[in-house]
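**Q** Got run21.csv for you, CSV, C-alpha atoms and all ligand atoms:
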```csv
chain,number,residue,atom,x,y,z
A,1,MET,CA,35.5,-33.4,26.5
A,2,LYS,CA,34.0,-32.2,29.7
A,3,GLN,CA,34.9,-35.6,31.3
A,4,ILE,CA,38.5,-35.2,30.2
A,5,ILE,CA,38.8,-31.7,31.7
A,6,ILE,CA,37.3,-32.9,35.0
A,7,THR,CA,39.7,-35.9,35.1
A,8,VAL,CA,42.7,-33.7,34.4
A,9,ILE,CA,41.7,-31.2,37.1
A,10,LEU,CA,41.1,-34.1,39.6
A,11,CYS,CA,44.6,-35.6,38.8
A,12,ALA,CA,46.3,-32.2,39.1
A,13,THR,CA,44.5,-31.6,42.5
A,14,ALA,CA,45.6,-35.1,43.7
A,15,LEU,CA,49.2,-34.5,42.7
A,16,VAL,CA,49.3,-31.1,44.5
A,17,ALA,CA,47.7,-32.7,47.6
A,18,LEU,CA,50.3,-35.5,47.5
A,19,ARG,CA,53.2,-33.0,47.3
A,20,ILE,CA,51.9,-31.0,50.2
A,21,ALA,CA,51.2,-34.1,52.3
A,22,ALA,CA,54.4,-36.1,51.6
A,23,PRO,CA,57.3,-35.3,53.9
A,24,LYS,CA,60.3,-34.0,52.0
A,25,GLN,CA,62.7,-36.9,51.9
A,26,GLU,CA,64.5,-36.5,48.6
A,27,CYS,CA,68.2,-37.0,48.9
A,28,ASN,CA,70.2,-34.3,47.1
A,29,SER,CA,72.8,-36.7,45.8
A,30,ASN,CA,74.5,-33.9,43.8
A,31,VAL,CA,76.3,-32.6,46.8
A,32,ILE,CA,77.6,-36.0,47.9
A,33,GLU,CA,78.6,-36.9,44.4
A,34,ALA,CA,80.5,-33.6,44.1
A,35,ILE,CA,82.3,-34.1,47.4
A,36,TYR,CA,83.6,-37.5,46.2
A,37,ALA,CA,84.4,-36.5,42.7
A,38,ARG,CA,86.3,-33.3,43.4
A,39,ARG,CA,90.1,-33.5,43.0
A,40,SER,CA,92.9,-31.1,43.5
A,41,ILE,CA,93.8,-30.0,39.9
A,42,ARG,CA,97.3,-29.0,39.1
A,43,GLN,CA,97.2,-28.7,35.3
A,44,TYR,CA,94.8,-26.3,33.6
A,45,THR,CA,94.0,-25.3,30.0
A,46,ASP,CA,94.9,-21.8,29.0
A,47,CYS,CA,91.1,-21.1,28.7
A,48,ALA,CA,90.1,-18.0,30.8
A,49,VAL,CA,87.4,-18.5,33.4
A,50,GLU,CA,84.3,-16.4,32.8
A,51,ARG,CA,83.9,-13.7,35.4
A,52,GLU,CA,80.3,-14.7,36.1
A,53,LYS,CA,81.5,-18.2,37.1
A,54,LEU,CA,84.3,-16.8,39.3
A,55,MET,CA,81.7,-14.5,40.9
A,56,GLU,CA,79.3,-17.4,41.4
A,57,VAL,CA,82.0,-19.5,43.0
A,58,ALA,CA,82.9,-16.6,45.4
A,59,ARG,CA,79.2,-16.1,46.2
A,60,ALA,CA,78.8,-19.8,47.0
A,61,GLY,CA,81.8,-19.3,49.3
A,62,ILE,CA,80.3,-16.6,51.4
A,63,ALA,CA,77.1,-18.5,51.7
A,64,ALA,CA,79.1,-20.8,54.1
A,65,PRO,CA,78.1,-21.1,57.7
A,66,ASN,CA,80.3,-18.7,59.8
A,67,ALA,CA,80.5,-17.8,63.5
A,68,MET,CA,77.7,-15.4,64.4
A,69,ASN,CA,77.4,-14.5,60.8
A,70,ARG,CA,80.3,-12.2,61.4
A,71,GLN,CA,81.6,-12.9,57.8
A,72,ALA,CA,85.2,-12.4,59.1
A,73,TRP,CA,86.7,-13.1,55.7
A,74,ALA,CA,87.9,-11.3,52.7
A,75,VAL,CA,87.9,-12.9,49.2
A,76,ARG,CA,90.0,-11.5,46.4
A,77,ILE,CA,89.7,-12.8,42.8
A,78,VAL,CA,92.6,-12.4,40.4
A,79,ASP,CA,92.2,-13.4,36.7
A,80,SER,CA,94.9,-11.1,35.3
A,81,LYS,CA,97.5,-13.1,33.5
A,82,GLU,CA,99.9,-10.1,33.9
A,83,TRP,CA,99.5,-10.1,37.7
A,84,ILE,CA,99.8,-13.9,38.0
A,85,ASP,CA,102.9,-13.9,35.7
A,86,ALA,CA,104.5,-11.0,37.6
A,87,CYS,CA,103.8,-12.7,41.0
A,88,THR,CA,105.3,-15.9,39.6
A,89,ALA,CA,108.4,-14.1,38.3
A,90,ALA,CA,109.0,-12.7,41.8
A,91,PHE,CA,108.3,-16.1,43.4
A,92,VAL,CA,110.6,-18.3,41.2
A,93,PRO,CA,114.0,-16.9,42.4
A,94,THR,CA,112.9,-17.5,46.0
A,95,ILE,CA,112.5,-21.3,45.4
A,96,GLU,CA,115.1,-22.0,42.7
A,97,GLY,CA,117.7,-24.4,44.0
A,98,THR,CA,115.5,-25.6,46.9
A,99,PRO,CA,113.9,-29.1,47.0
A,100,PHE,CA,110.5,-27.3,46.8
A,101,GLY,CA,111.7,-25.6,43.6
A,102,GLU,CA,112.6,-28.9,42.0
A,103,HIS,CA,109.2,-30.2,42.8
A,104,LEU,CA,107.4,-27.2,41.4
A,105,LEU,CA,109.5,-26.0,38.5
A,106,THR,CA,108.7,-28.9,36.2
A,107,ALA,CA,108.9,-28.6,32.3
A,108,ASP,CA,105.2,-27.8,32.1
A,109,PHE,CA,105.4,-25.1,34.8
A,110,LYS,CA,103.2,-22.0,33.8
A,111,ASN,CA,102.8,-20.2,37.1
A,112,MET,CA,103.0,-20.5,40.9
A,113,PHE,CA,99.3,-21.2,41.3
A,114,ARG,CA,99.5,-24.7,40.0
A,115,ASN,CA,99.3,-23.3,36.4
A,116,ALA,CA,95.8,-22.0,36.8
A,117,PRO,CA,94.5,-19.0,34.8
A,118,ALA,CA,92.8,-17.5,37.9
A,119,VAL,CA,93.3,-17.6,41.7
A,120,ILE,CA,91.1,-16.7,44.6
A,121,PHE,CA,92.7,-15.5,47.8
A,122,VAL,CA,91.0,-15.9,51.2
A,123,ALA,CA,92.0,-13.8,54.2
A,124,ALA,CA,90.8,-13.9,57.8
A,125,GLU,CA,90.0,-11.2,60.3
A,126,PRO,CA,92.1,-11.6,63.5
A,127,SER,CA,89.2,-13.2,65.4
A,128,VAL,CA,88.8,-16.5,67.1
A,129,TYR,CA,86.7,-18.5,64.6
A,130,ALA,CA,87.7,-16.6,61.4
A,131,GLY,CA,90.2,-19.4,60.4
A,132,VAL,CA,87.4,-22.0,60.7
A,133,ASP,CA,85.0,-19.8,58.8
A,134,CYS,CA,87.5,-19.4,56.0
A,135,GLY,CA,88.1,-23.1,55.7
A,136,ILE,CA,84.4,-23.8,55.3
A,137,LEU,CA,84.1,-21.0,52.8
A,138,GLY,CA,86.9,-22.6,50.7
A,139,GLN,CA,85.2,-26.0,50.5
A,140,ASN,CA,82.0,-24.3,49.4
A,141,MET,CA,83.9,-22.5,46.6
A,142,MET,CA,85.6,-25.7,45.5
A,143,LEU,CA,82.4,-27.7,45.3
A,144,ALA,CA,80.6,-24.9,43.5
A,145,ALA,CA,83.5,-24.7,41.0
A,146,TYR,CA,83.2,-28.4,40.5
A,147,GLN,CA,79.5,-28.1,39.8
A,148,LEU,CA,80.3,-25.3,37.2
A,149,GLY,CA,82.8,-27.6,35.4
A,150,LEU,CA,85.9,-26.0,36.9
A,151,GLY,CA,88.9,-27.5,38.6
A,152,THR,CA,90.4,-26.1,41.7
A,153,CYS,CA,93.4,-26.7,44.0
A,154,CYS,CA,93.6,-25.2,47.5
A,155,LEU,CA,97.1,-23.8,48.0
A,156,GLY,CA,98.8,-23.0,51.2
A,157,SER,CA,102.3,-22.6,49.7
A,158,PRO,CA,101.8,-19.0,48.2
A,159,VAL,CA,101.0,-17.6,51.6
A,160,GLY,CA,104.6,-17.7,52.9
A,161,PHE,CA,105.8,-15.9,49.8
A,162,MET,CA,103.1,-13.3,49.9
A,163,ASN,CA,104.0,-12.6,53.5
A,164,SER,CA,107.7,-12.3,52.7
A,165,GLU,CA,109.5,-9.1,51.5
A,166,ALA,CA,109.6,-10.4,47.9
A,167,GLY,CA,105.8,-10.9,47.9
A,168,ALA,CA,104.8,-7.8,49.8
A,169,LYS,CA,103.8,-5.8,46.7
A,170,PHE,CA,101.5,-8.6,45.6
A,171,LEU,CA,100.0,-8.9,49.1
A,172,ALA,CA,99.4,-5.2,49.0
A,173,ASP,CA,97.6,-5.5,45.7
A,174,LEU,CA,95.0,-7.6,47.4
A,175,ASN,CA,94.0,-4.6,49.4
A,176,LEU,CA,93.0,-6.6,52.5
A,177,PRO,CA,91.4,-4.9,55.4
A,178,GLU,CA,93.8,-3.9,58.2
A,179,GLY,CA,94.9,-6.8,60.3
A,180,TYR,CA,93.5,-9.5,58.0
A,181,GLN,CA,95.8,-12.5,57.4
A,182,LEU,CA,96.0,-14.4,54.2
A,183,GLN,CA,95.0,-18.0,54.8
A,184,TYR,CA,95.3,-19.8,51.4
A,185,ALA,CA,94.7,-19.4,47.7
A,186,ILE,CA,92.5,-21.4,45.4
A,187,ALA,CA,93.8,-22.1,41.9
A,188,ILE,CA,90.8,-22.2,39.6
A,189,GLY,CA,90.4,-23.0,35.9
A,190,TYR,CA,89.4,-25.6,33.3
A,191,ALA,CA,91.1,-28.9,34.3
A,192,ASP,CA,93.7,-30.4,31.9
A,193,GLU,CA,94.1,-33.5,34.0
A,194,ALA,CA,91.8,-36.1,35.7
A,195,PRO,CA,93.7,-37.4,38.7
A,196,GLU,CA,92.6,-40.5,40.7
A,197,ALA,CA,91.1,-40.0,44.1
A,198,LYS,CA,93.7,-39.9,46.9
A,199,PRO,CA,93.1,-42.5,49.7
A,200,ARG,CA,91.5,-41.5,52.9
A,201,ASP,CA,92.0,-43.2,56.3
A,202,GLU,CA,88.6,-44.1,57.8
A,203,SER,CA,90.3,-45.1,61.1
A,204,LYS,CA,90.3,-41.3,61.7
A,205,ILE,CA,86.6,-41.7,62.3
A,206,SER,CA,85.0,-43.4,65.3
A,207,PHE,CA,81.8,-43.4,67.2
A,208,VAL,CA,81.9,-42.5,70.8
A,209,GLU,CA,79.7,-45.0,72.8
B,301,LIG,C1,95.2,-25.9,53.6
B,301,LIG,C2,95.6,-26.6,52.3
B,301,LIG,C3,96.8,-26.3,51.7
B,301,LIG,C4,97.2,-26.9,50.6
B,301,LIG,N1,98.3,-26.5,49.9
B,301,LIG,C5,98.7,-27.1,48.8
B,301,LIG,C6,99.8,-26.6,48.1
B,301,LIG,O1,100.5,-25.6,48.5
B,301,LIG,N2,100.2,-27.1,46.9
B,301,LIG,C7,99.4,-28.2,46.3
B,301,LIG,O2,99.7,-28.6,45.3
B,301,LIG,N3,98.3,-28.6,47.0
B,301,LIG,C8,97.9,-28.1,48.2
B,301,LIG,N4,96.8,-28.6,48.8
B,301,LIG,C9,96.0,-29.7,48.2
B,301,LIG,C10,96.2,-31.0,49.0
B,301,LIG,O3,97.5,-31.5,48.6
B,301,LIG,C11,95.1,-32.0,48.5
B,301,LIG,O4,93.9,-31.5,48.9
B,301,LIG,C12,95.3,-33.4,49.1
B,301,LIG,O5,96.5,-34.0,48.7
B,301,LIG,C13,94.2,-34.3,48.9
B,301,LIG,O6,93.9,-34.4,47.5
B,301,LIG,P1,92.5,-34.1,46.8
B,301,LIG,O7,92.2,-32.6,47.1
B,301,LIG,O8,92.7,-34.4,45.3
B,301,LIG,O9,91.5,-35.0,47.5
B,301,LIG,C14,96.4,-28.0,50.0
B,301,LIG,C15,95.2,-28.3,50.6
B,301,LIG,C16,94.8,-27.6,51.8
B,301,LIG,C17,93.4,-28.0,52.4
```
With the file now loaded, output its structure as structure tokens.
Ligand SMILES: Cc1cc2nc3c(=O)[nH]c(=O)nc-3n(C[C@H](O)[C@H](O)[C@H](O)COP(=O)(O)O)c2cc1C
**A**
Amino acid sequence: MKQIIITVILCATALVALRIAAPKQECNSNVIEAIYARRSIRQYTDCAVEREKLMEVARAGIAAPNAMNRQAWAVRIVDSKEWIDACTAAFVPTIEGTPFGEHLLTADFKNMFRNAPAVIFVAAEPSVYAGVDCGILGQNMMLAAYQLGLGTCCLGSPVGFMNSEAGAKFLADLNLPEGYQLQYAIAIGYADEAPEAKPRDESKISFVE
């Protein structure tokens, strides 16, 4: 028995020593997997997103690198069906009859946020790097959402409407700090489609010799 205890202690000590000595070289493949597996989702189930998950996504967003840690962003989460439907009802007449309307107002149209049950708005302070900061924040949120089993779609199109006269009430509801500009919205919910990856052009990348 004594011999067994000594052997166990020696093994445990050796394992601890090895962990301390070994350089940390593990590759966190989850991040890279998530980057390649994420898709823009434009069809969602009606299932509401848990607020804890929405909060976790937003928290992952503001963990993003940002210039001088100024955190020159504002994040607003909307999960009220009433609000989303009211915003959509104001939006639809502005696009009806336009080519954009034809493209969006399909038979399965539920709302202007690509039919998602929730939407996260991101606004930037009027400072030089704020737009970049907000972009990085958005990708953090979309990857975190993916990890939590949620689909997302970054949306630029609602911004024009929210900044128009017809959308002013809805922009005001976001209660953004003075001078902040809405950058984009992120539709978020449980995916009801599994689109293929869209191609990327690797010729956009080159080494500088
Ligand atoms: C700044 C920005 C604005 C976008 N605006 C819209 C939009 O208004 N409507 C939409 O359906 N998708 C929008 N997208 C999603 C892109 O269409 C999508 O990311 C692109 O086609 C690549 O597809 P993937 O995200 O599935 O890889 C936007 C993406 C970004 C980054």
**Q** Could you list, as a VMD selection string, all protein and nucleic acid residues with an atom at most 10 Å from ligand LIG 301 (chain B), counting only C-alpha atoms and all ligand atoms?
**A** chain A and resid 35 to 42 103 to 104 112 to 114 135 138 to 139 142 152 to 160 183 to 187 194 to 200
**Q** Between atom CA of Pro99 of chain A and atom CA of Glu193 of chain A, what is the distance, to one decimal in Å?
**A**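 Computing it gives 24.1 Å between the two atoms.
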**Q** Find the distance between atom CA of Ile188 of chain A and atom CA of Glu102 of chain A and write it in Å to one decimal.
**A** 22.9 Å
**Q** Quick one: everything within 6 Å of segment 46-58 of chain A, counting only C-alpha atoms, minus sequence neighbours fewer than 3 positions away in the same chain. Send it as a CSV table (one decimal) with C-alpha atoms, keeping the file's coordinate frame.
**A**
```csv
chain,number,residue,atom,x,y,z
A,61,GLY,CA,81.8,-19.3,49.3
A,141,MET,CA,83.9,-22.5,46.6
A,144,ALA,CA,80.6,-24.9,43.5
A,145,ALA,CA,83.5,-24.7,41.0
A,189,GLY,CA,90.4,-23.0,35.9
```
**Q** From the set A:Ala67, A:Ile32, A:Ala124, A:Ile95, which residue has the shortest atom-to-atom contact distance to Glu178 of chain A, counting only C-alpha atoms?
**A**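 So, comparing all the options, the nearest one is A:Ala124.
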**Q** Which residues, written as a PyMOL selection string, have at least one atom at most 8 Å from Pro126 of chain A, with only C-alpha atoms counted and residues fewer than 2 positions away on the same chain left out?
**A** chain A and resi 124+128+130+179-181
**Q** Return the single residue from A:Pro93, A:Gln43, A:Ala74, A:Ala60 that is closest to Leu143 of chain A, with distances computed using all atoms listed in the file.
**A**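 Among the listed residues, the smallest separation from Leu143 of chain A belongs to A:Ala60.
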**Q** Determine the nearest neighbour of Phe91 of chain A from the options A:Lys169, A:Arg59, A:Arg76, A:Arg70, counting all atoms listed in the file.
**A**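 Closest to Phe91 of chain A, using all atoms listed in the file: A:Lys169.
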